[in-house]
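Trainee: Here you go, target-v4.pdb (PDB, C-alpha atoms):
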ATOM      1  CA  MET A   1       6.862  21.453 -16.279  1.00  0.00           C
ATOM      2  CA  LYS A   2       5.771  23.165 -13.083  1.00  0.00           C
ATOM      3  CA  LYS A   3       6.773  22.498  -9.502  1.00  0.00           C
ATOM      4  CA  ILE A   4       4.128  22.544  -6.802  1.00  0.00           C
ATOM      5  CA  THR A   5       5.297  22.861  -3.196  1.00  0.00           C
ATOM      6  CA  LEU A   6       3.051  21.996  -0.260  1.00  0.00           C
ATOM      7  CA  LYS A   7       3.441  21.799   3.520  1.00  0.00           C
ATOM      8  CA  THR A   8       2.390  18.379   4.830  1.00  0.00           C
ATOM      9  CA  THR A   9       1.663  16.469   8.027  1.00  0.00           C
ATOM     10  CA  ILE A  10       3.984  13.628   6.974  1.00  0.00           C
ATOM     11  CA  GLN A  11       6.219  13.000  10.000  1.00  0.00           C
ATOM     12  CA  CYS A  12       8.444   9.995   9.329  1.00  0.00           C
ATOM     13  CA  SER A  13       9.624   7.473   6.766  1.00  0.00           C
ATOM     14  CA  ASN A  14       6.748   5.121   7.645  1.00  0.00           C
ATOM     15  CA  CYS A  15       4.270   7.922   6.905  1.00  0.00           C
ATOM     16  CA  LEU A  16       6.182   8.677   3.747  1.00  0.00           C
ATOM     17  CA  SER A  17       5.800   5.110   2.492  1.00  0.00           C
ATOM     18  CA  LYS A  18       1.996   5.413   2.795  1.00  0.00           C
ATOM     19  CA  VAL A  19       1.991   8.586   0.723  1.00  0.00           C
ATOM     20  CA  ALA A  20       4.542   7.243  -1.765  1.00  0.00           C
ATOM     21  CA  SER A  21       2.247   4.522  -3.038  1.00  0.00           C
ATOM     22  CA  LYS A  22      -0.512   7.054  -3.738  1.00  0.00           C
ATOM     23  CA  LEU A  23       1.811   9.559  -5.430  1.00  0.00           C
ATOM     24  CA  GLU A  24       3.429   6.890  -7.583  1.00  0.00           C
ATOM     25  CA  GLN A  25       0.032   5.665  -8.790  1.00  0.00           C
ATOM     26  CA  GLN A  26      -1.159   9.166  -9.697  1.00  0.00           C
ATOM     27  CA  GLU A  27      -1.017   9.928 -13.401  1.00  0.00           C
ATOM     28  CA  GLY A  28       0.586  13.262 -14.221  1.00  0.00           C
ATOM     29  CA  ILE A  29       3.271  13.239 -11.521  1.00  0.00           C
ATOM     30  CA  HIS A  30       6.713  13.116 -13.124  1.00  0.00           C
ATOM     31  CA  ALA A  31       8.727  13.369  -9.903  1.00  0.00           C
ATOM     32  CA  TRP A  32       8.135  14.115  -6.226  1.00  0.00           C
ATOM     33  CA  HIS A  33      10.116  14.524  -3.006  1.00  0.00           C
ATOM     34  CA  VAL A  34       9.300  15.087   0.670  1.00  0.00           C
ATOM     35  CA  ASP A  35      11.886  16.881   2.801  1.00  0.00           C
ATOM     36  CA  LEU A  36      11.518  15.253   6.237  1.00  0.00           C
ATOM     37  CA  LYS A  37      14.248  17.521   7.668  1.00  0.00           C
ATOM     38  CA  ASP A  38      12.203  20.636   6.873  1.00  0.00           C
ATOM     39  CA  PRO A  39       9.869  21.593   9.765  1.00  0.00           C
ATOM     40  CA  ASN A  40       7.073  21.971   7.181  1.00  0.00           C
ATOM     41  CA  ARG A  41       7.736  18.479   5.759  1.00  0.00           C
ATOM     42  CA  THR A  42       7.640  20.048   2.319  1.00  0.00           C
ATOM     43  CA  LEU A  43       6.336  17.996  -0.592  1.00  0.00           C
ATOM     44  CA  THR A  44       7.574  19.083  -4.028  1.00  0.00           C
ATOM     45  CA  VAL A  45       5.840  17.658  -7.090  1.00  0.00           C
ATOM     46  CA  GLU A  46       6.810  18.085 -10.732  1.00  0.00           C
ATOM     47  CA  THR A  47       3.797  17.925 -13.038  1.00  0.00           C
ATOM     48  CA  ASP A  48       2.480  19.259 -16.322  1.00  0.00           C
ATOM     49  CA  THR A  49      -1.200  18.656 -15.670  1.00  0.00           C
ATOM     50  CA  LEU A  50      -2.084  18.523 -11.975  1.00  0.00           C
ATOM     51  CA  THR A  51      -3.130  21.369  -9.701  1.00  0.00           C
ATOM     52  CA  ALA A  52      -2.157  21.871  -6.073  1.00  0.00           C
ATOM     53  CA  GLU A  53      -5.711  20.865  -5.124  1.00  0.00           C
ATOM     54  CA  ALA A  54      -5.409  17.566  -7.006  1.00  0.00           C
ATOM     55  CA  ILE A  55      -2.162  16.756  -5.205  1.00  0.00           C
ATOM     56  CA  GLN A  56      -3.732  17.669  -1.871  1.00  0.00           C
ATOM     57  CA  ARG A  57      -6.492  15.116  -2.575  1.00  0.00           C
ATOM     58  CA  VAL A  58      -3.922  12.406  -3.332  1.00  0.00           C
ATOM     59  CA  VAL A  59      -2.082  13.098  -0.057  1.00  0.00           C
ATOM     60  CA  LEU A  60      -5.409  13.110   1.815  1.00  0.00           C
ATOM     61  CA  GLN A  61      -6.224   9.658   0.406  1.00  0.00           C
ATOM     62  CA  ALA A  62      -3.115   8.429   2.214  1.00  0.00           C
ATOM     63  CA  GLY A  63      -4.369   9.984   5.465  1.00  0.00           C
ATOM     64  CA  PHE A  64      -2.274  13.152   5.570  1.00  0.00           C
ATOM     65  CA  LEU A  65      -2.850  16.858   5.011  1.00  0.00           C
ATOM     66  CA  ALA A  66      -1.079  19.065   2.494  1.00  0.00           C
ATOM     67  CA  GLN A  67      -1.499  22.803   2.044  1.00  0.00           C
ATOM     68  CA  GLU A  68       0.075  25.632   0.175  1.00  0.00           C
ATOM     69  CA  ASP A  69       2.510  27.710   2.202  1.00  0.00           C
ATOM     70  CA  ALA A  70       0.808  31.076   2.694  1.00  0.00           C
ATOM     71  CA  SER A  71       4.133  32.689   3.652  1.00  0.00           C
ATOM     72  CA  LYS A  72       5.498  32.276   0.107  1.00  0.00           C
TER      73      LYS A  72
END
Please rewrite the model in this file as structure tokens.

Mentor:
Amino acid sequence: MKKITLKTTIQCSNCLSKVASKLEQQEGIHAWHVDLKDPNRTLTVETDTLTAEAIQRVVLQAGFLAQEDASK
């Protein structure tokens, strides 16, 4: 299993609930977590099959942006 980490524009728990429904419906995601205390609002996803781009599309469907952290 691989972990994909993305910076997001998710700002609060209300925003998080909008994204949660999309992530939970997405096949291939085994687990996920958003760190709202991190300034980058980091989303970590555990998956065997999805790419970072696929996860970015799921987050975008909920109305938020996600991108890979270029500093890593």

Trainee: Between A:Ala66, A:Gln56, A:Lys18, A:Lys2, which has the minimum distance to A:Thr42 (counting all atoms listed in the file)?

Mentor: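 Closest to A:Thr42 of all the choices is A:Ala66.
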
Trainee: Rounded to one decimal place, report the atom CA of A:Val34-atom CA of A:Ala52 distance in Å.

Mentor: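 Spanning atom CA of A:Val34 to atom CA of A:Ala52 is a straight-line distance of 14.9 Å.
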
Trainee: Between atom CA of A:Gln61 and atom CA of A:Val45, measure the distance and give it in Å to one decimal.

Mentor: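 Straight-line distance from atom CA of A:Gln61 to atom CA of A:Val45 works out to 16.3 Å.
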
Trainee: Any idea what's packed within 12 Å of A:Ser21, counting all atoms listed in the file, ignoring anything in its chain fewer than 4 positions away? Could you give it as a list in words?

Mentor: Asn14, Cys15, Leu16, Ser17, Gln25, Gln26, Trp32, Val58, Val59, Gln61 and Ala62 of chain A

Trainee: When you count all atoms listed in the file, which of these residues is closest to A:Ile10: A:Lys37, A:Glu68, A:Arg57, A:Asp48?

Mentor: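 Closest candidate: A:Lys37.
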
Trainee: Give me, please, the distance in Å between atom CA of A:Ala31 and atom CA of A:Gln67, quoted to one decimal.

Mentor: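 Between these atoms lies a distance of 18.3 Å.
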
Trainee: With 10 Å as the threshold, what does the neighbourhood of (5.8, 19.2, 3.9) contain in terms of residues, counting all atoms listed in the file? Coordinates are those of the file; answer as an MDAnalysis selection string.

Mentor: chainID A and resid 5:11 33:44 65:69

Trainee: Identify which of the residues A:Ala54, A:Leu23, A:Leu60, A:Ile29 lies closest to A:Met1, counting all atoms listed in the file when measuring atom-to-atom distances.

Mentor: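 Closest candidate: A:Ile29.
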
Trainee: I'd like the box whose edges run along x, y and z of the file and which contains every listed atom of stretch 1-13 of chain A, padded by 8 Å per side; could you state its centre and edge lengths in Å, one decimal, as AutoDock Vina command-line options?

Mentor:
--center_x 5.6 --center_y 15.3 --center_z -3.1 --size_x 24.0 --size_y 31.7 --size_z 42.3
